[in-house]
Amino acid sequence: MVTEAKTETSKTSVGDYLRKNIREYGLLVALVIIMVFFQVVTGGVLFKPVNITNLVLQNSFIVIMALGMLLIIVAGHIDLSVGSIVAFVGALSAIMLVKWGMHFALVIPLCLILGGILGAAQGYWVAYQKIPAFIVTLAGMLVFRGLTYLVLQNRPIGPFPKEFQILSTGFIPDFLSFTDPATSLIKNYFALAVVLVLVALAIYFGFRNRQVNEQHGSENEPFVFFAVQMAIISIVAVFLGFQLATYRGLPNVLVIMGVLIALYAFITTRSTIGRRIYAMGGNEKAAKLSGINTERLTFYTFVNMGVLAALAGMIIAARLNSATPKAGVGFELDVIAACFIGGASASGGVGKITGAVIGALIMGVMNNGMSIMGLGIDYQQLVKGLVLLAAVFFDVYNKNKAV
(Lines give C-alpha, C1' and ligand atoms only; values in the text may rest on other atoms or scores of the structure.)
Protein backbone atom coordinates (compact mmCIF):
# COMPACT_ATOMS: atom_id res chain seq x y z
CA MET A 1 0.00 0.00 0.00
CA VAL A 2 2.77 2.41 0.94
CA THR A 3 4.70 1.57 -2.23
CA GLU A 4 1.64 2.16 -4.39
CA ALA A 5 1.02 5.51 -2.69
CA LYS A 6 4.60 6.57 -3.27
CA THR A 7 4.39 5.56 -6.93
CA GLU A 8 1.16 7.47 -7.41
CA THR A 9 2.64 10.56 -5.76
CA SER A 10 5.72 10.29 -7.95
CA LYS A 11 3.58 10.09 -11.09
CA THR A 12 1.53 13.08 -9.98
CA SER A 13 4.63 15.12 -9.23
CA VAL A 14 6.06 14.30 -12.66
CA GLY A 15 2.85 15.39 -14.33
CA ASP A 16 2.68 18.59 -12.30
CA TYR A 17 6.27 19.40 -13.11
CA LEU A 18 5.65 18.86 -16.82
CA ARG A 19 2.60 21.14 -16.76
CA LYS A 20 4.49 23.87 -14.92
CA ASN A 21 7.48 23.70 -17.26
CA ILE A 22 5.80 22.75 -20.51
CA ARG A 23 6.98 26.01 -22.13
CA GLU A 24 10.65 25.30 -21.39
CA TYR A 25 10.62 21.71 -22.60
CA GLY A 26 8.29 22.56 -25.46
CA LEU A 27 10.79 25.14 -26.73
CA LEU A 28 13.61 22.61 -26.81
CA VAL A 29 11.42 20.08 -28.62
CA ALA A 30 10.20 22.76 -31.03
CA LEU A 31 13.77 23.76 -31.90
CA VAL A 32 14.72 20.15 -32.63
CA ILE A 33 11.58 19.62 -34.75
CA ILE A 34 12.19 22.82 -36.73
CA MET A 35 15.82 21.87 -37.35
CA VAL A 36 14.88 18.37 -38.50
CA PHE A 37 12.08 19.76 -40.69
CA PHE A 38 14.33 22.19 -42.53
CA GLN A 39 17.07 19.59 -42.79
CA VAL A 40 14.64 17.36 -44.66
CA VAL A 41 12.96 19.97 -46.88
CA THR A 42 16.31 21.55 -47.84
CA GLY A 43 17.76 18.19 -48.86
CA GLY A 44 20.37 18.16 -46.09
CA VAL A 45 21.73 21.65 -46.78
CA LEU A 46 20.81 23.06 -43.35
CA PHE A 47 23.32 20.96 -41.41
CA LYS A 48 26.20 21.22 -43.86
CA PRO A 49 29.32 22.61 -42.15
CA VAL A 50 29.42 25.75 -44.31
CA ASN A 51 25.76 26.51 -43.67
CA ILE A 52 26.07 25.92 -39.91
CA THR A 53 28.95 28.40 -39.84
CA ASN A 54 26.89 30.89 -41.82
CA LEU A 55 23.98 30.33 -39.45
CA VAL A 56 26.21 31.28 -36.51
CA LEU A 57 27.64 34.33 -38.26
CA GLN A 58 24.22 35.53 -39.43
CA ASN A 59 22.43 35.20 -36.09
CA SER A 60 25.05 35.74 -33.40
CA PHE A 61 24.15 39.41 -33.04
CA ILE A 62 20.47 38.49 -32.49
CA VAL A 63 21.45 36.18 -29.63
CA ILE A 64 23.77 38.81 -28.13
CA MET A 65 21.11 41.52 -28.19
CA ALA A 66 18.44 39.11 -26.93
CA LEU A 67 20.45 38.73 -23.70
CA GLY A 68 20.08 42.43 -22.97
CA MET A 69 16.53 42.67 -24.28
CA LEU A 70 15.45 39.85 -21.98
CA LEU A 71 16.55 41.83 -18.91
CA ILE A 72 14.64 44.88 -20.12
CA ILE A 73 11.49 42.84 -20.79
CA VAL A 74 11.80 41.06 -17.43
CA ALA A 75 12.08 44.50 -15.81
CA GLY A 76 8.75 45.39 -17.43
CA HIS A 77 9.99 47.60 -20.28
CA ILE A 78 10.83 47.43 -23.99
CA ASP A 79 13.57 48.85 -26.23
CA LEU A 80 12.75 49.68 -29.83
CA SER A 81 16.00 51.52 -30.52
CA VAL A 82 18.48 48.64 -30.66
CA GLY A 83 18.48 48.38 -34.46
CA SER A 84 19.28 52.07 -34.80
CA ILE A 85 22.00 51.87 -32.13
CA VAL A 86 23.52 48.99 -34.13
CA ALA A 87 23.63 51.18 -37.23
CA PHE A 88 24.89 54.30 -35.43
CA VAL A 89 27.71 52.56 -33.56
CA GLY A 90 28.70 50.68 -36.73
CA ALA A 91 28.85 53.99 -38.57
CA LEU A 92 31.01 55.61 -35.89
CA SER A 93 33.35 52.62 -35.81
CA ALA A 94 33.77 53.01 -39.59
CA ILE A 95 34.57 56.71 -39.20
CA MET A 96 37.16 56.02 -36.52
CA LEU A 97 38.77 53.09 -38.33
CA VAL A 98 38.65 54.17 -41.97
CA LYS A 99 38.66 57.96 -41.93
CA TRP A 100 40.54 58.70 -38.73
CA GLY A 101 42.88 55.69 -38.90
CA MET A 102 42.47 54.76 -35.24
CA HIS A 103 43.67 51.36 -33.99
CA PHE A 104 40.97 48.71 -33.66
CA ALA A 105 42.04 47.96 -30.06
CA LEU A 106 41.04 51.51 -29.15
CA VAL A 107 37.93 51.68 -31.34
CA ILE A 108 36.24 48.60 -29.83
CA PRO A 109 36.18 49.81 -26.18
CA LEU A 110 35.26 53.34 -27.27
CA CYS A 111 32.27 52.01 -29.21
CA LEU A 112 31.18 49.88 -26.25
CA ILE A 113 31.35 52.94 -24.00
CA LEU A 114 29.39 54.93 -26.57
CA GLY A 115 26.72 52.24 -26.64
CA GLY A 116 26.48 52.44 -22.84
CA ILE A 117 26.06 56.22 -23.08
CA LEU A 118 23.26 55.86 -25.65
CA GLY A 119 21.53 53.33 -23.41
CA ALA A 120 22.00 55.62 -20.41
CA ALA A 121 20.48 58.55 -22.30
CA GLN A 122 17.30 56.55 -22.77
CA GLY A 123 17.39 54.84 -19.41
CA TYR A 124 17.44 58.21 -17.62
CA TRP A 125 14.09 59.25 -19.10
CA VAL A 126 12.53 55.85 -18.41
CA ALA A 127 13.90 55.33 -14.89
CA TYR A 128 13.96 58.80 -13.37
CA GLN A 129 11.43 60.78 -15.41
CA LYS A 130 8.94 57.90 -15.63
CA ILE A 131 8.33 58.31 -19.35
CA PRO A 132 7.12 55.00 -20.88
CA ALA A 133 9.99 53.03 -22.44
CA PHE A 134 7.95 52.51 -25.60
CA ILE A 135 7.87 56.27 -26.26
CA VAL A 136 11.47 56.94 -25.23
CA THR A 137 12.98 54.15 -27.31
CA LEU A 138 10.72 54.90 -30.27
CA ALA A 139 12.16 58.42 -30.20
CA GLY A 140 15.63 56.93 -29.83
CA MET A 141 15.05 54.69 -32.83
CA LEU A 142 14.28 57.73 -34.98
CA VAL A 143 17.05 59.93 -33.53
CA PHE A 144 19.84 57.35 -33.84
CA ARG A 145 18.76 56.37 -37.33
CA GLY A 146 18.84 60.02 -38.36
CA LEU A 147 22.29 60.42 -36.81
CA THR A 148 23.45 57.39 -38.78
CA TYR A 149 22.41 59.04 -42.04
CA LEU A 150 24.18 62.24 -41.01
CA VAL A 151 27.41 60.48 -40.05
CA LEU A 152 27.56 58.34 -43.20
CA GLN A 153 26.17 61.01 -45.53
CA ASN A 154 23.87 58.36 -47.03
CA ARG A 155 26.72 56.22 -48.33
CA PRO A 156 28.55 53.13 -46.99
CA ILE A 157 32.06 53.38 -45.54
CA GLY A 158 34.64 50.59 -45.76
CA PRO A 159 36.56 48.37 -46.02
CA PHE A 160 37.79 47.75 -42.48
CA PRO A 161 41.25 46.60 -41.37
CA LYS A 162 41.61 42.82 -41.32
CA GLU A 163 42.25 42.89 -37.56
CA PHE A 164 38.80 44.38 -37.01
CA GLN A 165 37.12 41.93 -39.40
CA ILE A 166 38.44 39.03 -37.31
CA LEU A 167 35.90 40.06 -34.66
CA SER A 168 33.14 38.59 -36.81
CA THR A 169 34.73 36.52 -39.57
CA GLY A 170 37.74 35.01 -37.77
CA PHE A 171 38.08 31.46 -36.40
CA ILE A 172 39.87 29.98 -33.40
CA PRO A 173 43.03 28.28 -34.72
CA ASP A 174 43.60 24.55 -34.26
CA PHE A 175 45.94 24.06 -31.29
CA LEU A 176 45.63 20.25 -31.51
CA SER A 177 46.55 19.58 -35.10
CA PHE A 178 47.23 15.83 -35.51
CA THR A 179 46.87 15.43 -39.25
CA ASP A 180 47.15 17.40 -42.43
CA PRO A 181 43.92 19.47 -42.74
CA ALA A 182 44.04 19.07 -46.52
CA THR A 183 43.64 15.28 -46.32
CA SER A 184 41.83 14.82 -42.99
CA LEU A 185 38.06 14.87 -42.52
CA ILE A 186 38.45 16.89 -39.33
CA LYS A 187 40.05 20.24 -40.07
CA ASN A 188 40.08 21.56 -36.49
CA TYR A 189 40.55 19.08 -33.64
CA PHE A 190 40.58 21.87 -31.07
CA ALA A 191 36.99 22.82 -31.91
CA LEU A 192 35.80 19.25 -31.42
CA ALA A 193 37.74 18.94 -28.15
CA VAL A 194 36.23 22.16 -26.80
CA VAL A 195 32.69 20.98 -27.58
CA LEU A 196 33.28 17.60 -25.91
CA VAL A 197 34.69 19.28 -22.81
CA LEU A 198 31.75 21.68 -22.62
CA VAL A 199 29.26 18.82 -22.94
CA ALA A 200 31.05 16.92 -20.17
CA LEU A 201 31.02 20.02 -17.95
CA ALA A 202 27.32 20.60 -18.62
CA ILE A 203 26.50 17.04 -17.55
CA TYR A 204 28.76 17.29 -14.50
CA PHE A 205 27.31 20.57 -13.26
CA GLY A 206 23.81 19.30 -13.98
CA PHE A 207 24.30 16.33 -11.64
CA ARG A 208 26.07 18.55 -9.13
CA ASN A 209 23.18 21.01 -9.02
CA ARG A 210 20.77 18.14 -8.43
CA GLN A 211 22.85 16.96 -5.49
CA VAL A 212 23.02 20.46 -4.03
CA ASN A 213 19.27 20.85 -4.37
CA GLU A 214 18.70 17.53 -2.62
CA GLN A 215 20.99 18.55 0.23
CA HIS A 216 19.14 21.83 0.70
CA GLY A 217 15.70 20.30 0.28
CA SER A 218 15.01 22.20 -2.96
CA GLU A 219 12.83 20.79 -5.71
CA ASN A 220 14.59 18.91 -8.50
CA GLU A 221 13.17 18.24 -11.92
CA PRO A 222 12.22 14.56 -12.41
CA PHE A 223 15.26 12.57 -13.43
CA VAL A 224 13.67 11.39 -16.66
CA PHE A 225 13.30 14.99 -17.86
CA PHE A 226 16.82 15.84 -16.76
CA ALA A 227 18.23 12.80 -18.58
CA VAL A 228 16.29 13.46 -21.79
CA GLN A 229 17.24 17.15 -21.75
CA MET A 230 20.94 16.36 -21.24
CA ALA A 231 20.81 13.71 -23.96
CA ILE A 232 19.23 16.03 -26.53
CA ILE A 233 21.60 18.89 -25.74
CA SER A 234 24.64 16.60 -25.80
CA ILE A 235 23.74 14.92 -29.09
CA VAL A 236 22.97 18.22 -30.83
CA ALA A 237 26.09 19.91 -29.43
CA VAL A 238 28.43 17.07 -30.41
CA PHE A 239 26.89 16.84 -33.88
CA LEU A 240 27.20 20.58 -34.50
CA GLY A 241 30.71 20.61 -33.02
CA PHE A 242 31.76 17.79 -35.35
CA GLN A 243 30.30 19.64 -38.34
CA LEU A 244 32.16 22.82 -37.42
CA ALA A 245 35.37 20.83 -36.89
CA THR A 246 35.14 19.47 -40.44
CA TYR A 247 35.09 23.03 -41.81
CA ARG A 248 37.14 25.78 -40.13
CA GLY A 249 36.39 25.26 -36.44
CA LEU A 250 34.87 27.66 -33.94
CA PRO A 251 34.07 31.17 -35.20
CA ASN A 252 35.34 33.94 -32.93
CA VAL A 253 31.85 35.36 -32.65
CA LEU A 254 30.55 31.99 -31.40
CA VAL A 255 33.07 32.10 -28.56
CA ILE A 256 32.03 35.67 -27.70
CA MET A 257 28.39 34.61 -27.77
CA GLY A 258 29.05 31.57 -25.57
CA VAL A 259 30.91 33.60 -22.95
CA LEU A 260 28.11 36.17 -22.83
CA ILE A 261 25.42 33.49 -22.51
CA ALA A 262 27.27 31.91 -19.57
CA LEU A 263 27.80 35.32 -17.94
CA TYR A 264 24.18 36.41 -18.23
CA ALA A 265 22.88 33.02 -17.16
CA PHE A 266 24.95 33.43 -13.99
CA ILE A 267 23.74 37.00 -13.46
CA THR A 268 20.07 36.11 -13.81
CA THR A 269 20.16 32.96 -11.67
CA ARG A 270 22.95 33.44 -9.14
CA SER A 271 23.45 37.17 -8.55
CA THR A 272 21.63 39.65 -6.34
CA ILE A 273 21.09 42.12 -9.16
CA GLY A 274 19.49 39.40 -11.28
CA ARG A 275 17.03 38.46 -8.54
CA ARG A 276 16.20 42.13 -8.01
CA ILE A 277 15.42 42.62 -11.71
CA TYR A 278 12.95 39.73 -11.59
CA ALA A 279 11.42 41.07 -8.37
CA MET A 280 11.05 44.52 -9.90
CA GLY A 281 9.41 43.14 -13.03
CA GLY A 282 7.03 41.01 -11.00
CA ASN A 283 5.87 43.84 -8.74
CA GLU A 284 7.72 47.14 -8.88
CA LYS A 285 5.93 48.69 -5.89
CA ALA A 286 6.62 45.70 -3.66
CA ALA A 287 10.26 45.65 -4.81
CA LYS A 288 10.64 49.33 -3.96
CA LEU A 289 9.07 48.85 -0.54
CA SER A 290 11.53 46.02 0.14
CA GLY A 291 14.44 48.42 -0.35
CA ILE A 292 15.34 47.86 -4.02
CA ASN A 293 16.38 50.99 -5.90
CA THR A 294 14.14 50.34 -8.89
CA GLU A 295 15.14 53.53 -10.71
CA ARG A 296 18.82 52.69 -10.67
CA LEU A 297 18.12 49.09 -11.64
CA THR A 298 16.03 50.17 -14.63
CA PHE A 299 18.76 52.60 -15.63
CA TYR A 300 21.36 49.81 -15.55
CA THR A 301 19.28 47.51 -17.76
CA PHE A 302 19.17 50.16 -20.50
CA VAL A 303 22.91 50.87 -20.18
CA ASN A 304 23.55 47.14 -20.52
CA MET A 305 21.31 46.97 -23.60
CA GLY A 306 23.21 49.84 -25.19
CA VAL A 307 26.55 48.10 -24.68
CA LEU A 308 25.32 44.82 -26.19
CA ALA A 309 23.74 46.66 -29.14
CA ALA A 310 27.06 48.43 -29.73
CA LEU A 311 28.89 45.10 -29.71
CA ALA A 312 26.34 43.72 -32.18
CA GLY A 313 26.81 46.80 -34.36
CA MET A 314 30.56 46.23 -34.60
CA ILE A 315 30.06 42.52 -35.32
CA ILE A 316 27.65 43.28 -38.17
CA ALA A 317 29.90 46.00 -39.60
CA ALA A 318 32.92 43.69 -39.43
CA ARG A 319 31.00 40.90 -41.14
CA LEU A 320 29.76 43.14 -43.96
CA ASN A 321 33.16 44.89 -44.12
CA SER A 322 31.35 48.22 -44.33
CA ALA A 323 28.98 50.46 -42.39
CA THR A 324 25.73 51.19 -44.22
CA PRO A 325 22.85 53.55 -43.40
CA LYS A 326 20.35 50.67 -43.62
CA ALA A 327 22.18 48.42 -41.17
CA GLY A 328 20.06 47.10 -38.32
CA VAL A 329 16.69 47.85 -39.91
CA GLY A 330 14.09 45.60 -38.28
CA PHE A 331 16.57 43.97 -35.90
CA GLU A 332 14.62 45.17 -32.88
CA LEU A 333 11.66 43.08 -34.04
CA ASP A 334 13.74 39.90 -34.35
CA VAL A 335 15.33 40.47 -30.93
CA ILE A 336 12.02 41.15 -29.19
CA ALA A 337 10.39 38.21 -30.97
CA ALA A 338 13.23 35.91 -29.84
CA CYS A 339 12.59 36.87 -26.20
CA PHE A 340 8.83 36.38 -26.39
CA ILE A 341 9.14 33.10 -28.30
CA GLY A 342 11.63 32.05 -25.61
CA GLY A 343 9.04 32.48 -22.86
CA ALA A 344 9.44 36.08 -21.68
CA SER A 345 6.23 37.72 -20.51
CA ALA A 346 5.09 41.10 -21.79
CA SER A 347 3.98 41.96 -18.26
CA GLY A 348 7.51 41.48 -16.89
CA GLY A 349 9.05 39.31 -14.21
CA VAL A 350 9.20 36.15 -16.34
CA GLY A 351 11.87 34.88 -18.72
CA LYS A 352 15.08 32.88 -18.87
CA ILE A 353 18.36 33.34 -20.70
CA THR A 354 18.15 29.80 -22.09
CA GLY A 355 14.67 30.55 -23.40
CA ALA A 356 15.81 33.74 -25.12
CA VAL A 357 18.73 31.89 -26.72
CA ILE A 358 16.48 29.07 -27.93
CA GLY A 359 14.01 31.65 -29.23
CA ALA A 360 16.80 33.39 -31.15
CA LEU A 361 17.96 30.04 -32.56
CA ILE A 362 14.41 29.23 -33.67
CA MET A 363 14.22 32.58 -35.47
CA GLY A 364 17.65 32.03 -37.01
CA VAL A 365 16.94 28.49 -38.21
CA MET A 366 13.63 29.59 -39.71
CA ASN A 367 15.26 32.53 -41.51
CA ASN A 368 18.06 30.36 -42.84
CA GLY A 369 15.84 27.43 -43.77
CA MET A 370 13.29 29.57 -45.59
CA SER A 371 16.06 31.38 -47.46
CA ILE A 372 17.51 28.05 -48.62
CA MET A 373 14.04 27.01 -49.76
CA GLY A 374 13.84 30.18 -51.82
CA LEU A 375 10.91 31.74 -49.95
CA GLY A 376 10.69 35.49 -50.38
CA ILE A 377 10.97 38.01 -47.57
CA ASP A 378 7.19 38.45 -47.65
CA TYR A 379 6.55 34.83 -46.72
CA GLN A 380 9.37 34.86 -44.19
CA GLN A 381 7.84 37.82 -42.37
CA LEU A 382 4.43 36.13 -42.49
CA VAL A 383 5.74 32.90 -40.94
CA LYS A 384 7.74 34.70 -38.24
CA GLY A 385 4.71 36.81 -37.32
CA LEU A 386 2.50 33.76 -36.97
CA VAL A 387 5.12 31.96 -34.85
CA LEU A 388 5.40 34.99 -32.55
CA LEU A 389 1.62 35.23 -32.22
CA ALA A 390 1.37 31.52 -31.44
CA ALA A 391 4.10 31.77 -28.79
CA VAL A 392 2.42 34.70 -27.02
CA PHE A 393 -1.00 33.02 -27.23
CA PHE A 394 0.47 29.84 -25.71
CA ASP A 395 1.94 31.90 -22.85
CA VAL A 396 -1.34 33.72 -22.13
CA TYR A 397 -3.34 30.49 -22.39
CA ASN A 398 -1.13 28.73 -19.84
CA LYS A 399 -1.39 31.68 -17.43
CA ASN A 400 -5.18 31.79 -17.67
CA LYS A 401 -5.37 28.02 -17.23
CA ALA A 402 -3.18 28.21 -14.14
CA VAL A 403 -5.47 30.84 -12.61
# chains A, B, ... in the order shown; residues from 1 in each chain; ligands from 1

$ closest_atom_pairs --of "range 102-175 of chain A" --to "range 321-334 of chain A" --cutoff "10 Å" --atoms "only C-alpha atoms" --output "CSV"
residue,atom,partner,partner_atom,distance
A:Met141,CA,A:Glu332,CA,9.5
A:Arg145,CA,A:Pro325,CA,7.8
A:Gly146,CA,A:Pro325,CA,9.1
A:Leu147,CA,A:Pro325,CA,9.5
A:Thr148,CA,A:Pro325,CA,6.0
A:Tyr149,CA,A:Pro325,CA,5.7
A:Leu150,CA,A:Pro325,CA,9.1
A:Val151,CA,A:Pro325,CA,8.9
A:Leu152,CA,A:Pro325,CA,6.7
A:Gln153,CA,A:Pro325,CA,8.4
A:Asn154,CA,A:Pro325,CA,6.1
A:Arg155,CA,A:Thr324,CA,6.6
A:Pro156,CA,A:Thr324,CA,4.4
A:Ile157,CA,A:Ala323,CA,5.3
A:Gly158,CA,A:Ser322,CA,4.3
A:Pro159,CA,A:Asn321,CA,5.2
A:Phe160,CA,A:Asn321,CA,5.7
A:Pro161,CA,A:Asn321,CA,8.7
A:Lys162,CA,A:Asn321,CA,9.1
A:Phe164,CA,A:Asn321,CA,9.1
A:Gln165,CA,A:Asn321,CA,6.8
A:Ser168,CA,A:Asn321,CA,9.7
A:Thr169,CA,A:Asn321,CA,9.7

$ residues_around --residues "Gln39 in chain A" --least-positions-apart "2" --cutoff "12 Å" --atoms "only C-alpha atoms" --output "list in words"
Val32, Ile33, Ile34, Met35, Val36, Phe37, Val41, Thr42, Gly43, Gly44, Val45, Leu46, Phe47, Lys48, Asn51, Ile52, Val365, Met366, Asn368, Gly369, Met370, Ile372 and Met373 of chain A

$ atom_distance --atom1 "CA of Val143 in chain A" --atom2 "CA of Leu114 in chain A"
15.0 Å

$ closest_residue --among "A:Met102, A:Ile353, A:Val29, A:Met314" --to "Ile267 in chain A" --atoms "only C-alpha atoms"
A:Ile353

$ closest_residue --among "A:Phe207, A:Tyr247, A:Phe242, A:Phe393" --to "Ala227 in chain A" --atoms "only C-alpha atoms"
A:Phe207

$ select_by_dssp --residues "range 97-168 of chain A" --states "helix (DSSP H, G or I)" --output "number ranges by chain"
A: 97-99, 104-127, 133-152, 162-168

$ atom_distance --atom1 "CA of Ile85 in chain A" --atom2 "CA of Ala317 in chain A"
12.3 Å
